[in-house]
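Written out below as structure tokens is the structure these notes cover.
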Amino acid sequence: MTVTTNTDALPRVRLQLERSMPTILTLAAKEVREGIRNRWVLATTLLLAALALTLALLGSAPTGTVGASRLDVVTVSLASLTIFLVPLIALLLSHDAIAGEAERGTLLLLLAYPVGRTAVILGKFLGQLAILGFATTFGYGAAALVVGWNLGAAAWGAFAAMVAASVLLGAVFLALGLLASTLVRQRSTAGGIAIGLWLFFVLIYDMAFLGLLVASGGHSLPPLLIDALLALNPTDAYRLLTLGMAGTGSLTGIGALAGHTALTPPILVAVLLAWTAAPLALATSVFARREL
Amino acid sequence: MMKTVALEGVTKRYGSVVAVRDLDLALHAGETVALVGHNGAGKTTQIKMMLGLARPTSGSVRLLGFDPSTAASSIRAQVGYLPESVSFHLALTGRETLGFYARLKGLDSRSLDPALAEVGLIGAADRAIGTYSKGMRQRLGLAQALLGHPRVLILDEPTSGLDPALRREFYAIVSARASEGATVLLASHALTELEGRAHRVVILNQGQKIADGTLDDLRSAARLPVSVRIRPVGRFAAIGWRRLADGSFETEVAAGGKLPLLAWLLSDASAIADLTITEPTLDDLYAHFLRREAA
């Protein structure tokens, strides 16, 4: 009886992952511990909480007559905040991951240990995701509690979905930052790439997209092209996902767009997951080939 | 003696640069070997290949019988390594950092206290590494290399920046491990301090091994002259002696001529107030082998 390599490969990868799980968790735990010690966790949580509270308190003033719940207003404002801030925090966290260790000399030491290179990438990613997830959940959670602790389950559901989507957006940029960190030798170069990525995905892409829409007069672009252009930028996918959601959609201009697009929430989540997995896979393969 | 590390015909190129050229080297259990060479002579490249961090362009590298770049974790866990310049995260404590490395080697936290005590860091274990002195950081680096009693210990410039007392302590710890049967490889360009610490000296130049043997082997191969200096009681005159500024005399004699010379000098011991014999140092030997290579 012959077994094809395809059916054989998957359990083997799985076995390898299971074996390196303790290592991955050890690496992730160290990442979190460093984040706590150098006040990254505290600083980002406080920053997100402070900005979220400001938005929440400002945003809660004019409601009551619009028909939207106050928590919904907060959810929408926080989603807009996320698009700028969360990618930036994620890139700041992750661009240093490999390049920084290489510069400090600890990368050589780490890889001299019985540690797989894939485990290094995944461990760093998981640790940083935990930091970002903590900061987003608790930072935004504080604001939501102040404004909407007695509001309905639907509003809380939308809020929770927004937080989850924000962490997912963070994961995308953590993966991109990690990729930048494995591609170059110096952390300053990795930092430059990280800033470039942020500018491109958060500012330039949307401006160019808007320019394209204006130039075309809003009619001649086929919907499929618009969908593709939205999916090609993780921040747009996030925008569509959170601002187009039921309950909050009516508050935003994106709500109108969301009605016409074929990009349903499950597709958008899949897009964001792919945006996380692809850079991670690329970083892993680049790192595996890298000569130290 | 059991071979722990073996390099056969190893060449490593980075682009057009040849970092290591056709190198044969075998290290054995219980042996302390000094790997000596300029910066850029290929020491670190060679170490990286032994650790499986770089693959040779041609030739074979064996670590405990396996190819280190594909060896199982259980093999790689038997190697201790201290890189040339390593800076641990300053905000973590010594114990936390060591604990991290212990977990990577699959050791439990009970191994930490003995490891910290061995390098004399137990008192500072719970302080942040940012508060450590250079010597303490280096001792922490040694502690992680010693974790789990590795069979092969590779230390790259381990004592650079340490004061002499710490250096002695450092070598005492390392030689204790060698006498327990570990292979110790000390890469260094500080030669004089390796005197008496290494069983064998390997000299590298431009990626090639130009000498390999015990210090005595190298001394007799080099046939470097021994310098003899005397302070005469009264007048002293002999052919081939230089008069030095402080009134003493110095001459150089080939290794074989040392004892006859001494016999002659001591035939009238009352004429000599003091006598100093200076054997060629490792630095002299190193310079000799480099000169021979250039010629």
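Residue numbering restarts at 1 for every chain of the structure tokens, chains are lettered A, B, ... in their displayed order, and ligands are numbered from 1 as they appear.
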Can you check which residues of chain B have any atom within 10 Å of chain A? Use only C-alpha atoms and format it as a PyMOL selection string. chain B and resi 14+45+48-55+68-69+71-92+96-97+99-106+128+141+144-145
Just the helix (DSSP H, G or I) stuff from region 28-212 of chain A, please, per backbone DSSP, written as a VMD selection string. chain A and resid 28 to 37 40 to 59 70 to 94 99 to 104 106 to 112 117 to 148 153 to 183 187 to 212
Straight-line distance linking CA of Thr214 (chain B) with CA of His288 (chain B), stated in Å to one decimal: 15.6 Å
All strand (DSSP E) positions in region 33-276 of chain B, as an MDAnalysis selection string: chainID B and resid 33:36 58:63 79:82 152:156 183:188 200:205 208:213 226:232 242:243 249:253 272:276
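The gap separating CA of Gly94 (chain B) from CA of Leu121 (chain B) is 8.1 Å, in Å to one decimal.
For the pair CA of Leu191 (chain B) and CA of Tyr286 (chain B), the separation is 8.2 Å.
The residue set within 9 Å of region 220-224 of chain A, counting only C-alpha atoms and dropping same-chain residues fewer than 5 places from it, reads Leu213, Leu229, His260, Thr261 and Ala262 of chain A.
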Residues near Ala28 (chain A), anyone? I mean within 8 Å using only C-alpha atoms, not counting same-chain ones fewer than 2 positions away, as a list in words. Ile24, Leu25, Thr26, Lys30, Glu31, Val32, Gly123, Lys124, Phe125, Leu126, Gly127 and Gln128 of chain A
Restricting it to all heavy atoms, dump the selection as an mmCIF file, in the first residue's frame.
data_model
loop_
_atom_site.group_PDB
_atom_site.id
_atom_site.type_symbol
_atom_site.label_atom_id
_atom_site.label_comp_id
_atom_site.auth_asym_id
_atom_site.auth_seq_id
_atom_site.Cartn_x
_atom_site.Cartn_y
_atom_site.Cartn_z
ATOM 1 N N ILE A 24 7.359 27.258 21.700
ATOM 2 C CA ILE A 24 6.632 28.437 21.227
ATOM 3 C C ILE A 24 6.046 29.200 22.412
ATOM 4 O O ILE A 24 6.148 30.422 22.497
ATOM 5 C CB ILE A 24 5.521 28.015 20.236
ATOM 6 C CG1 ILE A 24 6.158 27.465 18.959
ATOM 7 C CG2 ILE A 24 4.612 29.187 19.905
ATOM 8 C CD1 ILE A 24 5.165 26.894 17.968
ATOM 9 N N LEU A 25 5.467 28.455 23.359
ATOM 10 C CA LEU A 25 4.863 29.112 24.517
ATOM 11 C C LEU A 25 5.931 29.769 25.400
ATOM 12 O O LEU A 25 5.703 30.852 25.933
ATOM 13 C CB LEU A 25 4.037 28.106 25.325
ATOM 14 C CG LEU A 25 2.776 27.627 24.600
ATOM 15 C CD1 LEU A 25 1.998 26.634 25.451
ATOM 16 C CD2 LEU A 25 1.879 28.806 24.216
ATOM 17 N N THR A 26 7.083 29.124 25.517
ATOM 18 C CA THR A 26 8.176 29.719 26.293
ATOM 19 C C THR A 26 8.604 31.042 25.672
ATOM 20 O O THR A 26 8.793 32.046 26.361
ATOM 21 C CB THR A 26 9.389 28.760 26.322
ATOM 22 O OG1 THR A 26 8.973 27.517 26.894
ATOM 23 C CG2 THR A 26 10.529 29.329 27.143
ATOM 24 N N LYS A 30 8.083 34.861 27.216
ATOM 25 C CA LYS A 30 9.189 35.803 27.410
ATOM 26 C C LYS A 30 8.857 37.140 26.761
ATOM 27 O O LYS A 30 9.133 38.198 27.316
ATOM 28 C CB LYS A 30 10.465 35.237 26.800
ATOM 29 C CG LYS A 30 11.629 36.215 26.908
ATOM 30 C CD LYS A 30 12.950 35.505 26.912
ATOM 31 C CE LYS A 30 14.105 36.412 27.257
ATOM 32 N NZ LYS A 30 14.619 37.136 26.106
ATOM 33 N N GLU A 31 8.220 37.074 25.590
ATOM 34 C CA GLU A 31 7.835 38.300 24.891
ATOM 35 C C GLU A 31 6.885 39.132 25.764
ATOM 36 O O GLU A 31 7.036 40.344 25.898
ATOM 37 C CB GLU A 31 7.153 37.911 23.570
ATOM 38 C CG GLU A 31 7.189 38.948 22.500
ATOM 39 C CD GLU A 31 8.589 39.212 21.983
ATOM 40 O OE1 GLU A 31 9.491 38.356 22.134
ATOM 41 O OE2 GLU A 31 8.787 40.295 21.434
ATOM 42 N N VAL A 32 5.899 38.425 26.367
ATOM 43 C CA VAL A 32 4.926 39.119 27.209
ATOM 44 C C VAL A 32 5.617 39.703 28.432
ATOM 45 O O VAL A 32 5.386 40.861 28.812
ATOM 46 C CB VAL A 32 3.802 38.143 27.634
ATOM 47 C CG1 VAL A 32 2.922 38.774 28.692
ATOM 48 C CG2 VAL A 32 2.976 37.740 26.419
ATOM 49 N N GLY A 123 6.376 32.033 18.131
ATOM 50 C CA GLY A 123 6.406 32.414 19.542
ATOM 51 C C GLY A 123 6.362 33.920 19.716
ATOM 52 O O GLY A 123 5.602 34.454 20.525
ATOM 53 N N LYS A 124 7.183 34.611 18.936
ATOM 54 C CA LYS A 124 7.202 36.076 18.996
ATOM 55 C C LYS A 124 5.830 36.627 18.628
ATOM 56 O O LYS A 124 5.307 37.526 19.275
ATOM 57 C CB LYS A 124 8.240 36.622 18.009
ATOM 58 C CG LYS A 124 9.638 36.255 18.363
ATOM 59 C CD LYS A 124 10.399 37.491 18.730
ATOM 60 C CE LYS A 124 11.674 37.115 19.436
ATOM 61 N NZ LYS A 124 12.165 38.176 20.287
ATOM 62 N N PHE A 125 5.262 36.063 17.553
ATOM 63 C CA PHE A 125 3.968 36.551 17.078
ATOM 64 C C PHE A 125 2.898 36.370 18.149
ATOM 65 O O PHE A 125 2.156 37.296 18.473
ATOM 66 C CB PHE A 125 3.577 35.812 15.795
ATOM 67 C CG PHE A 125 2.198 36.136 15.309
ATOM 68 C CD1 PHE A 125 1.940 37.347 14.682
ATOM 69 C CD2 PHE A 125 1.152 35.251 15.486
ATOM 70 C CE1 PHE A 125 0.669 37.661 14.247
ATOM 71 C CE2 PHE A 125 -0.120 35.553 15.052
ATOM 72 C CZ PHE A 125 -0.364 36.764 14.430
ATOM 73 N N LEU A 126 2.841 35.185 18.736
ATOM 74 C CA LEU A 126 1.815 34.917 19.749
ATOM 75 C C LEU A 126 1.985 35.823 20.964
ATOM 76 O O LEU A 126 1.001 36.349 21.499
ATOM 77 C CB LEU A 126 1.884 33.453 20.186
ATOM 78 C CG LEU A 126 1.231 32.442 19.255
ATOM 79 C CD1 LEU A 126 1.298 31.050 19.866
ATOM 80 C CD2 LEU A 126 -0.227 32.825 18.994
ATOM 81 N N GLY A 127 3.227 36.019 21.401
ATOM 82 C CA GLY A 127 3.479 36.868 22.556
ATOM 83 C C GLY A 127 3.027 38.293 22.301
ATOM 84 O O GLY A 127 2.363 38.918 23.132
ATOM 85 N N GLN A 128 3.367 38.799 21.111
ATOM 86 C CA GLN A 128 2.998 40.175 20.791
ATOM 87 C C GLN A 128 1.492 40.307 20.594
ATOM 88 O O GLN A 128 0.899 41.324 20.953
ATOM 89 C CB GLN A 128 3.759 40.626 19.543
ATOM 90 C CG GLN A 128 5.246 40.769 19.841
ATOM 91 C CD GLN A 128 6.074 40.995 18.611
ATOM 92 O OE1 GLN A 128 5.603 40.813 17.495
ATOM 93 N NE2 GLN A 128 7.316 41.392 18.807
#
